[in-house]
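S.K.: Here you go, data19.tsv (TSV, C-alpha atoms):
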```tsv
chain	number	residue	atom	x	y	z
A	11	MET	CA	114.16	145.74	80.44
A	12	SER	CA	114.54	145.68	76.67
A	13	THR	CA	114.35	142.42	74.74
A	14	ARG	CA	117.66	140.95	73.76
A	15	PRO	CA	118.51	140.63	70.08
A	16	PRO	CA	118.16	137.06	68.75
A	17	THR	CA	121.91	136.43	68.60
A	18	LEU	CA	122.25	137.13	72.32
A	19	ARG	CA	119.32	134.98	73.41
A	20	GLU	CA	119.73	131.51	74.87
A	21	ASN	CA	118.93	128.71	72.46
A	22	ARG	CA	115.98	126.67	73.61
A	23	ARG	CA	114.42	123.37	72.71
A	24	TYR	CA	110.83	122.30	73.12
A	25	ILE	CA	109.70	118.80	74.05
A	26	LEU	CA	106.28	117.53	73.11
A	27	VAL	CA	104.81	115.18	75.70
A	28	ARG	CA	101.60	113.16	75.63
A	29	VAL	CA	99.76	112.96	78.95
A	30	GLU	CA	98.29	109.59	79.88
A	31	PRO	CA	95.67	108.46	80.78
A	32	ALA	CA	93.69	110.20	78.08
A	33	GLY	CA	91.24	112.77	79.34
A	34	THR	CA	93.39	113.89	82.29
A	35	VAL	CA	92.73	117.54	83.09
A	36	ILE	CA	96.08	119.32	83.11
A	37	ASP	CA	96.74	122.39	85.21
A	38	GLN	CA	99.81	123.99	83.63
A	39	LYS	CA	101.05	125.48	86.89
A	40	GLU	CA	100.66	122.24	88.85
A	41	LEU	CA	102.41	120.30	86.11
A	42	TYR	CA	105.25	122.84	86.13
A	43	TYR	CA	105.77	122.31	89.87
A	44	THR	CA	105.62	118.52	89.44
A	45	ILE	CA	108.21	118.57	86.66
A	46	SER	CA	110.35	121.01	88.60
A	47	ASP	CA	110.27	118.67	91.62
A	48	ALA	CA	111.21	115.70	89.45
A	49	VAL	CA	114.12	117.56	87.84
A	50	THR	CA	115.43	118.88	91.16
A	51	SER	CA	115.08	115.49	92.83
A	52	LEU	CA	116.95	113.69	90.07
A	53	TRP	CA	119.63	116.19	89.06
A	54	GLY	CA	119.85	118.65	91.94
A	55	ASP	CA	119.52	122.41	91.95
A	56	THR	CA	122.61	123.06	89.84
A	57	VAL	CA	121.45	121.13	86.80
A	58	ALA	CA	117.83	122.20	87.35
A	59	GLY	CA	118.99	125.80	87.15
A	60	LEU	CA	120.74	124.99	83.90
A	61	ILE	CA	117.78	123.19	82.33
A	62	THR	CA	115.38	126.06	83.16
A	63	GLN	CA	112.34	123.97	82.33
A	64	ALA	CA	108.94	125.55	81.79
A	65	VAL	CA	105.54	124.29	80.68
A	66	VAL	CA	104.79	126.41	77.65
A	67	ALA	CA	101.46	125.02	76.50
A	68	ALA	CA	98.96	122.29	77.30
A	69	GLU	CA	96.49	121.36	74.60
A	70	ASN	CA	94.67	118.25	73.29
A	71	GLY	CA	96.17	115.95	75.91
A	72	HIS	CA	99.66	117.12	74.99
A	73	VAL	CA	102.09	119.40	76.80
A	74	ILE	CA	104.97	121.42	75.37
A	75	ILE	CA	107.91	121.81	77.75
A	76	ARG	CA	110.77	124.22	77.19
A	77	CYS	CA	114.39	123.65	78.16
A	78	LEU	CA	117.85	124.92	77.32
A	79	ARG	CA	119.35	123.44	74.16
A	80	GLY	CA	121.63	120.52	75.06
A	81	THR	CA	119.72	119.57	78.20
A	82	GLU	CA	116.92	117.63	76.46
A	83	GLN	CA	118.29	114.27	77.63
A	84	GLU	CA	118.33	115.34	81.27
A	85	LEU	CA	114.84	116.78	81.04
A	86	ALA	CA	113.52	113.68	79.24
A	87	LEU	CA	114.98	111.46	81.94
A	88	ALA	CA	113.40	113.57	84.66
A	89	LEU	CA	110.06	113.49	82.84
A	90	SER	CA	110.12	109.70	82.90
A	91	THR	CA	110.22	109.87	86.73
A	92	VAL	CA	106.96	111.83	86.91
A	93	THR	CA	104.23	109.51	88.20
A	94	ALA	CA	101.60	111.88	89.58
A	95	CYS	CA	100.53	115.48	89.48
A	96	ARG	CA	98.83	116.63	92.69
A	97	ASP	CA	97.71	113.10	93.63
A	98	VAL	CA	96.42	112.39	90.12
A	99	ARG	CA	98.30	109.47	88.62
A	100	LEU	CA	99.68	110.16	85.16
A	101	ALA	CA	102.50	109.30	82.81
A	102	LEU	CA	104.31	111.66	80.46
A	103	ARG	CA	105.22	109.99	77.17
A	104	ILE	CA	107.75	111.91	75.13
A	105	VAL	CA	106.63	112.30	71.52
A	106	ALA	CA	109.12	114.68	69.92
A	107	ALA	CA	111.65	117.45	70.47
A	108	SER	CA	111.96	120.54	68.31
A	109	GLY	CA	113.46	123.99	68.12
A	110	THR	CA	110.11	125.70	67.58
A	111	ILE	CA	106.76	125.51	69.30
A	112	GLU	CA	104.99	125.81	65.97
A	113	SER	CA	106.40	122.57	64.58
A	114	LEU	CA	105.25	120.74	67.72
A	115	ARG	CA	101.79	122.28	67.38
A	116	GLU	CA	101.77	120.99	63.81
A	117	ARG	CA	102.70	117.57	65.18
A	118	ILE	CA	99.78	117.67	67.63
A	119	ARG	CA	97.42	118.55	64.76
A	120	THR	CA	98.66	115.63	62.68
A	121	VAL	CA	98.35	113.05	65.45
A	122	LYS	CA	97.00	109.97	63.73
A	123	PRO	CA	93.36	109.26	64.46
A	124	VAL	CA	92.58	105.79	65.78
A	125	THR	CA	92.15	103.51	62.80
A	126	GLU	CA	92.13	100.11	64.42
A	127	PRO	CA	89.10	97.94	63.65
A	128	VAL	CA	86.41	97.83	66.27
A	129	PRO	CA	85.28	94.23	66.77
A	130	ALA	CA	81.95	94.84	68.41
A	131	PRO	CA	79.92	97.85	69.42
A	132	VAL	CA	80.54	98.99	72.96
A	133	PRO	CA	78.63	101.93	74.40
A	134	GLY	CA	80.51	105.21	74.05
A	135	PRO	CA	82.20	107.09	76.87
A	136	ALA	CA	80.59	109.53	79.20
A	137	GLY	CA	78.90	112.04	77.00
A	138	ALA	CA	80.25	115.55	76.99
A	139	ASP	CA	76.72	116.76	76.32
A	140	GLY	CA	75.63	115.73	79.80
A	141	ALA	CA	74.36	112.30	78.76
A	142	GLU	CA	74.59	109.45	81.25
A	143	PRO	CA	77.91	107.57	81.03
A	144	ALA	CA	77.69	104.08	79.54
A	145	VAL	CA	77.74	101.13	81.91
A	146	CYS	CA	79.60	97.87	81.34
A	147	VAL	CA	80.27	94.75	83.36
A	148	PHE	CA	83.75	93.47	84.18
A	149	ALA	CA	84.61	90.75	86.71
A	150	GLU	CA	80.90	90.59	87.56
A	151	LYS	CA	80.85	94.21	88.72
A	152	PRO	CA	79.23	97.19	87.01
A	153	PHE	CA	81.59	99.89	85.74
A	154	LEU	CA	81.13	103.30	84.15
A	155	ILE	CA	83.08	103.93	80.97
A	156	VAL	CA	85.00	107.18	81.36
A	157	ASN	CA	87.16	107.02	78.27
A	158	CYS	CA	87.07	104.94	75.12
A	159	ASN	CA	89.75	105.22	72.46
A	160	GLY	CA	89.77	102.48	69.84
A	161	GLN	CA	90.43	99.23	71.66
A	162	LYS	CA	91.32	100.96	74.93
A	163	VAL	CA	88.58	101.44	77.50
A	164	ASP	CA	89.01	103.18	80.86
A	165	VAL	CA	86.36	102.46	83.46
A	166	ILE	CA	85.48	103.41	87.02
A	167	GLU	CA	83.58	101.10	89.32
A	168	LYS	CA	79.99	102.19	89.73
A	169	GLY	CA	79.23	103.70	93.10
A	170	PHE	CA	80.73	106.63	94.96
A	171	LYS	CA	83.05	104.63	97.23
A	172	ASN	CA	85.58	103.48	94.65
A	173	ALA	CA	86.73	106.13	92.18
A	174	HIS	CA	89.75	104.11	91.09
A	175	ARG	CA	90.21	103.87	87.34
A	176	LEU	CA	90.70	100.50	85.63
A	177	PHE	CA	92.40	100.27	82.25
A	178	LEU	CA	90.90	97.59	80.03
A	179	THR	CA	90.34	96.75	76.39
A	180	ARG	CA	87.17	96.01	74.45
A	181	SER	CA	88.17	92.33	74.40
A	182	ASP	CA	88.17	92.30	78.21
A	183	LEU	CA	84.63	93.63	78.28
A	184	GLU	CA	83.48	91.19	75.61
A	185	ASN	CA	85.04	88.21	77.36
A	186	SER	CA	83.82	89.07	80.86
B	18	MET	CA	116.54	89.51	70.59
B	19	LYS	CA	113.39	89.65	72.69
B	20	ILE	CA	112.75	92.77	74.74
B	21	THR	CA	111.07	91.71	77.96
B	22	ASP	CA	109.87	93.51	81.05
B	23	ALA	CA	110.60	90.99	83.80
B	24	ALA	CA	107.71	91.89	86.15
B	25	VAL	CA	104.30	93.47	85.71
B	26	PHE	CA	101.23	92.98	87.89
B	27	PRO	CA	98.00	92.94	85.88
B	28	TYR	CA	94.47	93.06	87.29
B	29	PRO	CA	93.52	92.06	90.03
B	30	CYS	CA	96.96	92.87	91.54
B	31	GLY	CA	97.03	96.10	89.54
B	32	ASP	CA	94.52	98.31	87.77
B	33	THR	CA	95.30	97.30	84.18
B	34	SER	CA	94.15	94.16	82.43
B	35	VAL	CA	96.76	91.89	80.88
B	36	ARG	CA	95.44	92.68	77.37
B	37	ARG	CA	95.78	96.41	77.98
B	38	PHE	CA	99.27	95.83	79.35
B	39	ALA	CA	100.16	93.94	76.18
B	40	ARG	CA	98.77	96.70	73.96
B	41	GLU	CA	100.62	99.47	75.79
B	42	ALA	CA	103.83	97.42	76.03
B	43	CYS	CA	103.70	96.87	72.28
B	44	SER	CA	103.49	100.62	71.66
B	45	LEU	CA	106.42	101.19	74.05
B	46	GLY	CA	108.66	98.72	72.21
B	47	PHE	CA	108.38	95.49	74.20
B	48	ASP	CA	108.06	92.00	72.73
B	49	SER	CA	107.09	90.17	75.90
B	50	LEU	CA	106.12	90.68	79.53
B	51	VAL	CA	106.40	88.53	82.62
B	52	ALA	CA	102.98	88.91	84.23
B	53	MET	CA	102.72	87.77	87.84
B	54	ASP	CA	100.01	85.27	88.75
B	55	THR	CA	98.54	85.44	85.26
B	56	PRO	CA	98.22	82.62	82.74
B	57	ALA	CA	100.60	82.73	79.79
B	58	GLY	CA	99.33	83.85	76.39
B	59	SER	CA	99.88	86.22	73.51
B	60	PHE	CA	98.00	89.46	72.87
B	61	ASP	CA	98.64	92.03	70.14
B	62	GLY	CA	101.90	90.34	69.23
B	63	VAL	CA	103.23	90.59	72.79
B	64	GLU	CA	104.02	87.32	74.50
B	65	ILE	CA	102.83	87.08	78.09
B	66	LEU	CA	104.96	84.82	80.28
B	67	SER	CA	103.49	83.67	83.53
B	68	GLY	CA	105.59	84.45	86.59
B	69	ILE	CA	105.59	83.85	90.32
B	70	ILE	CA	107.47	85.56	93.12
B	71	VAL	CA	108.33	83.56	96.23
B	72	GLN	CA	108.72	85.90	99.18
B	73	ASP	CA	108.51	86.02	102.97
B	74	ALA	CA	108.74	82.27	103.30
B	75	PRO	CA	111.21	80.04	105.13
B	76	MET	CA	113.71	78.18	102.96
B	77	ARG	CA	111.77	74.91	103.25
B	78	ASP	CA	108.64	76.55	101.77
B	79	VAL	CA	110.72	78.24	99.08
B	80	ILE	CA	112.11	74.86	98.02
B	81	ALA	CA	108.60	73.34	97.95
B	82	ARG	CA	107.14	76.21	95.89
B	83	VAL	CA	110.03	76.26	93.45
B	84	LYS	CA	109.75	72.49	93.01
B	85	ARG	CA	106.02	72.84	92.30
B	86	ALA	CA	106.59	75.56	89.70
B	87	LYS	CA	109.69	73.99	88.18
B	88	ASP	CA	108.22	72.32	85.10
B	89	SER	CA	105.20	74.60	84.68
B	90	GLY	CA	106.95	76.93	82.24
B	91	ARG	CA	106.61	79.85	84.63
B	92	VAL	CA	109.30	82.39	85.39
B	93	VAL	CA	110.21	81.73	89.03
B	94	SER	CA	111.59	84.59	91.12
B	95	VAL	CA	112.70	84.67	94.72
B	96	ASN	CA	112.86	87.81	96.84
B	97	ALA	CA	116.32	88.41	98.25
B	98	ARG	CA	117.01	88.40	101.99
B	99	ASP	CA	120.24	87.82	103.85
B	100	ASN	CA	123.36	86.44	102.25
B	101	GLY	CA	122.86	82.83	103.34
B	102	PHE	CA	119.30	82.77	102.05
B	103	ASN	CA	120.35	84.30	98.72
B	104	ARG	CA	123.10	81.73	98.20
B	105	ALA	CA	120.67	78.92	98.97
B	106	ALA	CA	118.01	80.39	96.67
B	107	ILE	CA	120.44	80.87	93.78
B	108	SER	CA	121.65	77.28	94.03
B	109	LEU	CA	118.07	75.94	93.78
B	110	LYS	CA	117.27	74.39	90.41
B	111	GLY	CA	114.26	76.12	88.86
B	112	VAL	CA	114.91	79.61	90.22
B	113	HIS	CA	115.29	82.09	87.37
B	114	ILE	CA	115.51	85.51	89.01
B	115	LEU	CA	116.62	86.89	92.38
B	116	ARG	CA	114.75	90.11	93.12
B	117	GLY	CA	114.64	92.98	95.58
B	118	LEU	CA	118.36	93.37	96.29
B	119	GLN	CA	117.89	97.10	96.84
B	120	SER	CA	115.87	96.42	99.98
B	121	ALA	CA	117.88	93.43	101.22
B	122	ASP	CA	120.80	93.44	103.68
B	123	LYS	CA	123.89	95.45	102.87
B	124	MET	CA	125.95	92.25	102.60
B	125	ALA	CA	123.18	90.27	100.88
B	126	PHE	CA	125.00	90.09	97.57
B	127	ASP	CA	128.73	89.58	97.56
B	128	HIS	CA	131.31	88.20	95.14
B	129	VAL	CA	130.58	84.58	96.15
B	130	THR	CA	126.85	85.00	95.49
B	131	ALA	CA	127.69	86.72	92.21
B	132	LYS	CA	129.85	83.79	91.14
B	133	MET	CA	127.07	81.37	92.11
B	134	ALA	CA	124.52	83.39	90.10
B	135	ALA	CA	126.79	83.23	87.06
B	136	ASP	CA	127.36	79.49	87.46
B	137	ASN	CA	123.66	78.69	87.97
B	138	ASN	CA	122.44	81.13	85.28
B	139	VAL	CA	120.21	83.02	87.75
B	140	ALA	CA	119.44	86.62	86.86
B	141	ILE	CA	119.75	89.45	89.36
B	142	ASP	CA	116.86	91.84	88.95
B	143	ILE	CA	117.01	95.61	88.79
B	144	ASP	CA	113.77	97.19	89.96
B	145	LEU	CA	113.19	100.29	87.83
B	146	SER	CA	110.18	101.40	89.88
B	147	VAL	CA	112.58	102.52	92.62
B	148	LEU	CA	114.47	104.70	90.15
B	149	ILE	CA	111.21	106.07	88.74
B	150	ALA	CA	108.96	106.59	91.73
B	151	ALA	CA	111.25	106.83	94.76
B	152	ARG	CA	112.78	110.11	95.84
B	153	GLY	CA	115.63	111.13	98.11
B	154	VAL	CA	117.54	108.62	100.22
B	155	THR	CA	115.60	105.58	98.97
B	156	ARG	CA	116.56	106.26	95.37
B	157	GLN	CA	120.13	107.17	96.30
B	158	ARG	CA	120.56	103.87	98.15
B	159	ALA	CA	119.05	101.92	95.28
B	160	ILE	CA	121.39	103.61	92.78
B	161	HIS	CA	124.36	102.81	95.01
B	162	ARG	CA	123.28	99.17	95.39
B	163	TYR	CA	122.67	98.70	91.67
B	164	ARG	CA	126.04	100.25	90.81
B	165	ASP	CA	127.61	97.72	93.17
B	166	VAL	CA	125.69	94.86	91.53
B	167	LEU	CA	126.82	96.03	88.09
B	168	THR	CA	130.45	96.15	89.25
B	169	LEU	CA	130.14	92.47	90.18
B	170	GLU	CA	128.28	91.77	86.93
B	171	ARG	CA	131.20	93.11	84.88
B	172	ARG	CA	133.54	90.82	86.79
B	173	PHE	CA	131.49	87.61	86.98
B	174	GLU	CA	129.08	88.08	84.04
B	175	PHE	CA	125.91	86.84	85.69
B	176	PRO	CA	122.64	87.72	83.93
B	177	VAL	CA	120.85	90.94	84.91
B	178	SER	CA	117.14	91.51	84.27
B	179	LEU	CA	115.10	94.71	84.24
B	180	SER	CA	111.63	94.98	85.77
B	181	SER	CA	109.24	97.90	85.90
B	182	TYR	CA	107.07	96.31	88.63
B	183	ALA	CA	104.19	98.07	86.88
B	184	ARG	CA	100.80	97.72	88.57
B	185	SER	CA	99.32	100.10	86.03
B	186	TYR	CA	100.21	100.74	82.39
B	187	LEU	CA	101.13	104.26	83.58
B	188	ASP	CA	104.13	102.70	85.34
B	189	LEU	CA	105.50	101.18	82.13
B	190	ARG	CA	108.32	103.06	80.42
B	191	ALA	CA	109.52	102.98	76.83
B	192	VAL	CA	112.74	101.17	76.00
B	193	ARG	CA	114.43	104.50	75.31
B	194	GLU	CA	113.39	105.82	78.72
B	195	ILE	CA	114.65	102.63	80.36
B	196	THR	CA	117.99	103.14	78.63
B	197	GLY	CA	118.12	106.63	80.11
B	198	LEU	CA	117.18	105.43	83.58
B	199	CYS	CA	119.80	102.69	83.44
B	200	SER	CA	122.44	105.26	82.53
B	201	LEU	CA	121.92	106.57	86.09
B	202	ILE	CA	123.34	103.32	87.46
B	203	GLY	CA	126.17	103.15	84.96
B	204	MET	CA	124.62	100.72	82.49
B	205	ASP	CA	125.35	101.45	78.84
B	206	THR	CA	123.02	100.81	75.88
B	207	PRO	CA	124.42	97.34	74.95
B	208	GLY	CA	124.12	96.40	78.62
B	209	VAL	CA	120.46	97.47	78.68
B	210	GLU	CA	119.73	95.51	75.49
B	211	LYS	CA	121.37	92.46	77.01
B	212	ALA	CA	119.44	92.89	80.26
B	213	LEU	CA	116.11	93.23	78.44
B	214	ASP	CA	116.86	89.97	76.66
B	215	THR	CA	117.81	88.12	79.85
B	216	VAL	CA	114.46	86.48	80.70
B	217	GLY	CA	114.52	84.44	77.49
B	218	LYS	CA	118.05	83.30	78.27
B	219	VAL	CA	117.51	82.27	81.90
B	220	THR	CA	114.29	80.40	81.11
B	221	ALA	CA	115.74	78.53	78.14
B	222	PRO	CA	116.61	74.90	78.90
B	223	PRO	CA	120.29	74.52	79.78
B	224	VAL	CA	122.61	73.44	77.01
B	225	SER	CA	124.41	70.24	77.87
B	226	ALA	CA	128.13	70.63	78.46
B	227	VAL	CA	128.73	67.43	76.50
B	228	ARG	CA	127.41	67.05	72.97
B	229	VAL	CA	126.92	63.53	71.63
B	230	ILE	CA	127.88	63.53	67.96
B	231	SER	CA	127.40	59.88	67.09
```
With the file now loaded, output its structure as structure tokens.
M.R.:
Amino acid sequence: MSTRPPTLRENRRYILVRVEPAGTVIDQKELYYTISDAVTSLWGDTVAGLITQAVVAAENGHVIIRCLRGTEQELALALSTVTACRDVRLALRIVAASGTIESLRERIRTVKPVTEPVPAPVPGPAGADGAEPAVCVFAEKPFLIVNCNGQKVDVIEKGFKNAHRLFLTRSDLENS
Amino acid sequence: MKITDAAVFPYPCGDTSVRRFAREACSLGFDSLVAMDTPAGSFDGVEILSGIIVQDAPMRDVIARVKRAKDSGRVVSVNARDNGFNRAAISLKGVHILRGLQSADKMAFDHVTAKMAADNNVAIDIDLSVLIAARGVTRQRAIHRYRDVLTLERRFEFPVSLSSYARSYLDLRAVREITGLCSLIGMDTPGVEKALDTVGKVTAPPVSAVRVIS
């Protein structure tokens, strides 16, 4: 099948979405099915067929999702009903919408680095270089720090039984 | 105008500390949160209001708990049940919000209860977590119930509040997303703004009907 000339192609829009919590590993295909489920559940097959959503790219904790021009609102609303992707809890925060993928990639590159002042040194997150993850104490229990971004600290209780993530701040760790 | 989420559950009820909730709520456009079973405070410019929910208790216990919490500055909510219970709860002094209408009886909230809510300045809560996380029949029923509540709200003008029931900061939604979700139940943008401002209005001390001028 030959490619259609630009004037005959459907106009598309691209939505940039930030995936939370930070550090979540995103499988593009799984996320596509999750979004597809959310869209179908909320709007039904007719509108889902019109939106024709697709996960175009996933990079740096961000995802670019494609839809038909004019259906951004419907897709955005469906995205706000996504709470988990294959039993992994997550939230999709809409950052921007654009007509080109490139401008959204530019937006990802210019995401502001964390500039908030750090009140006291807290051990860094689990090292990517295989170093032992830092340990902290909260509510008189030891926790492993899995992610640390400015004031925000994500921890998991030490021990193999409880792999549930807690979302804290540096102030919580300092005051506990 | 103060944009308030009328129910969040910080640690230990949820997995997010109240400070983290405040930080995330600030970035999502909220000015204050009603945190259940948490002391009041202010973090990162977000005011934390302490709240309690009275549920699964006979009317006598509800009255006792509401009386205890009356002058504590907390936001007092009661979970809805049958029509008689709801009418009694709404007429109690010190109750600010009636919650959980989507899972109450079909006839739990009628025009008489709506009129009483308007007269007593008690807010009827809309639980956004059902619209966000539920699927299928549960969400359809909730949408139907909320549309019915909003029909009565337009007629009797009782306050309506919006709650995310977030147990994690991942369950919080931005104000713009809430506006979109509320459009599903037929609430327009001014209506959403009004509903987000409701907690401040229902917790404010009542203005006397008679003003002494000399």
S.K.: Using all atoms listed in the file, can you tell me which of A:Thr91, A:Leu102, A:Leu78, A:Arg14 comes closest to Val147 of chain B?
M.R.: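 The shortest atom-to-atom distance to Val147 of chain B comes from A:Thr91.
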S.K.: If we count only C-alpha atoms, which residues of chain A reach to within 8 Å of chain B? Please list them as a PyMOL selection string.
M.R.: chain A and resi 30-31+51-52+86-87+90-93+99-101+162+175-179+181-182
S.K.: Give me the residues within 12 Å of Ala131 of chain B as a compact mmCIF listing (two decimals) with C-alpha atoms, in the coordinates of the input, counting only C-alpha atoms and dropping any in the same chain fewer than 4 places off.
M.R.:
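Below is the file out18.txt, written as the result:
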```txt
# COMPACT_ATOMS: atom_id res chain seq x y z
CA ASN B 100 123.36 86.44 102.25
CA ASN B 103 120.35 84.30 98.72
CA ARG B 104 123.10 81.73 98.20
CA ILE B 107 120.44 80.87 93.78
CA SER B 108 121.65 77.28 94.03
CA LEU B 115 116.62 86.89 92.38
CA MET B 124 125.95 92.25 102.60
CA ALA B 125 123.18 90.27 100.88
CA PHE B 126 125.00 90.09 97.57
CA ASP B 127 128.73 89.58 97.56
CA ALA B 135 126.79 83.23 87.06
CA ASP B 136 127.36 79.49 87.46
CA ASN B 137 123.66 78.69 87.97
CA ASN B 138 122.44 81.13 85.28
CA VAL B 139 120.21 83.02 87.75
CA ALA B 140 119.44 86.62 86.86
CA ILE B 141 119.75 89.45 89.36
CA ASP B 165 127.61 97.72 93.17
CA VAL B 166 125.69 94.86 91.53
CA LEU B 167 126.82 96.03 88.09
CA THR B 168 130.45 96.15 89.25
CA LEU B 169 130.14 92.47 90.18
CA GLU B 170 128.28 91.77 86.93
CA ARG B 171 131.20 93.11 84.88
CA ARG B 172 133.54 90.82 86.79
CA PHE B 173 131.49 87.61 86.98
CA GLU B 174 129.08 88.08 84.04
CA PHE B 175 125.91 86.84 85.69
CA PRO B 176 122.64 87.72 83.93
CA VAL B 177 120.85 90.94 84.91
```
S.K.: To one decimal in Å, tell me the separation between atom CA of Asn21 of chain A and atom CA of Thr44 of chain A.
M.R.: 23.9 Å
S.K.: At a cut-off of 8 Å, using all atoms listed in the file, what residues contact Leu183 of chain A? Leave out same-chain residues fewer than 5 positions from it and give the result as a list of chain:residue names.
M.R.: A:Cys146, A:Val147, A:Phe148, A:Leu178
S.K.: Could you tell me how far atom CA of Glu40 of chain A lies from atom CA of Leu26 of chain A, in Å and to one decimal?
M.R.: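 Atom CA of Glu40 of chain A sits 17.4 Å away from atom CA of Leu26 of chain A.
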S.K.: What is the distance, in Å and to one decimal place, between atom CA of Gly33 of chain A and atom CA of Leu89 of chain A?
M.R.: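 Interatomic distance, atom CA of Gly33 of chain A to atom CA of Leu89 of chain A: 19.2 Å.
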S.K.: Quick one: of B:Val92, B:Ile202, B:Val63, B:Met133, who's nearest to Ala42 of chain B, counting all atoms listed in the file?
M.R.: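 Among the listed residues, B:Val63 lies closest to Ala42 of chain B.
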S.K.: Please identify all polymer residues within 10 Å of Thr55 of chain B, counting only C-alpha atoms, omitting same-chain residues fewer than 4 positions from it, and present them as a VMD selection string.
M.R.: chain B and resid 25 to 30 35 51 65 to 69 91
S.K.: Could you name the residues that touch Ser94 of chain B at 7 Å or less, counting all atoms listed in the file, but leaving out those on the same chain fewer than 5 positions away, as a list in words?
M.R.: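 Counting all atoms listed in the file, the residues come to Ile69, Ile70, Val71, Val112, His113, Ile114, Leu115 and Arg116 of chain B.
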S.K.: Near Ser113 of chain A, within 12 Å and counting all atoms listed in the file, which residues show up once chain neighbours fewer than 4 positions away are dropped, as a PyMOL selection string?
M.R.: chain A and resi 23-26+74+106-109+117-120
S.K.: With all atoms listed in the file as the atoms that count, which of B:Lys110, B:Lys211, B:Arg98, B:Lys123 lies nearest to Arg158 of chain B?
M.R.: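 Going through B:Lys110, B:Lys211, B:Arg98, B:Lys123 one by one, the smallest distance to Arg158 of chain B is for B:Lys123.
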S.K.: Compare B:Gly217, B:Gly101, B:Pro222, B:Gly90 by their minimum atom-to-atom distance to Val129 of chain B, counting only C-alpha atoms, and give me the closest one.
M.R.: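 Answer, going by the shortest atom-to-atom distance: B:Gly101.
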S.K.: When distances are computed from all atoms listed in the file, which of A:Thr110, A:Ala94, A:Trp53, A:Ala67 shows the smallest separation from Arg79 of chain A?
M.R.: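 Smallest separation from Arg79 of chain A among the options: A:Thr110.
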S.K.: Save segment 80-84 of chain A to disk from that block, all heavy atoms included, as a short mmCIF file (atom, residue, chain, number, x, y, z; two decimals), in the first residue's frame.
M.R.:
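File written: part-v2.cif
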```cif
data_model
loop_
_atom_site.label_atom_id
_atom_site.label_comp_id
_atom_site.auth_asym_id
_atom_site.auth_seq_id
_atom_site.Cartn_x
_atom_site.Cartn_y
_atom_site.Cartn_z
N GLY A 80 -8.69 16.90 17.58
CA GLY A 80 -10.07 17.17 18.02
C GLY A 80 -10.56 16.21 19.09
O GLY A 80 -11.63 16.42 19.67
N THR A 81 -9.78 15.15 19.34
CA THR A 81 -10.22 14.19 20.37
C THR A 81 -9.28 14.23 21.58
O THR A 81 -9.30 13.30 22.40
CB THR A 81 -10.26 12.75 19.81
OG1 THR A 81 -8.94 12.40 19.37
CG2 THR A 81 -11.22 12.61 18.67
N GLU A 82 -8.49 15.30 21.69
CA GLU A 82 -7.52 15.40 22.80
C GLU A 82 -8.22 15.40 24.15
O GLU A 82 -7.75 14.78 25.10
CB GLU A 82 -6.66 16.67 22.69
CG GLU A 82 -5.89 16.81 21.41
CD GLU A 82 -6.65 17.62 20.38
OE1 GLU A 82 -7.89 17.56 20.36
OE2 GLU A 82 -6.01 18.32 19.57
N GLN A 83 -9.36 16.12 24.21
CA GLN A 83 -10.08 16.22 25.50
C GLN A 83 -10.53 14.85 25.97
O GLN A 83 -10.38 14.51 27.14
CB GLN A 83 -11.31 17.14 25.33
CG GLN A 83 -10.98 18.61 25.16
CD GLN A 83 -10.47 19.22 26.44
OE1 GLN A 83 -10.76 18.73 27.52
NE2 GLN A 83 -9.69 20.28 26.33
N GLU A 84 -11.10 14.08 25.05
CA GLU A 84 -11.60 12.75 25.40
C GLU A 84 -10.45 11.85 25.85
O GLU A 84 -10.57 11.13 26.83
CB GLU A 84 -12.33 12.12 24.20
CG GLU A 84 -13.72 12.67 23.94
CD GLU A 84 -13.70 14.01 23.23
OE1 GLU A 84 -12.61 14.44 22.78
OE2 GLU A 84 -14.77 14.64 23.13
#
```
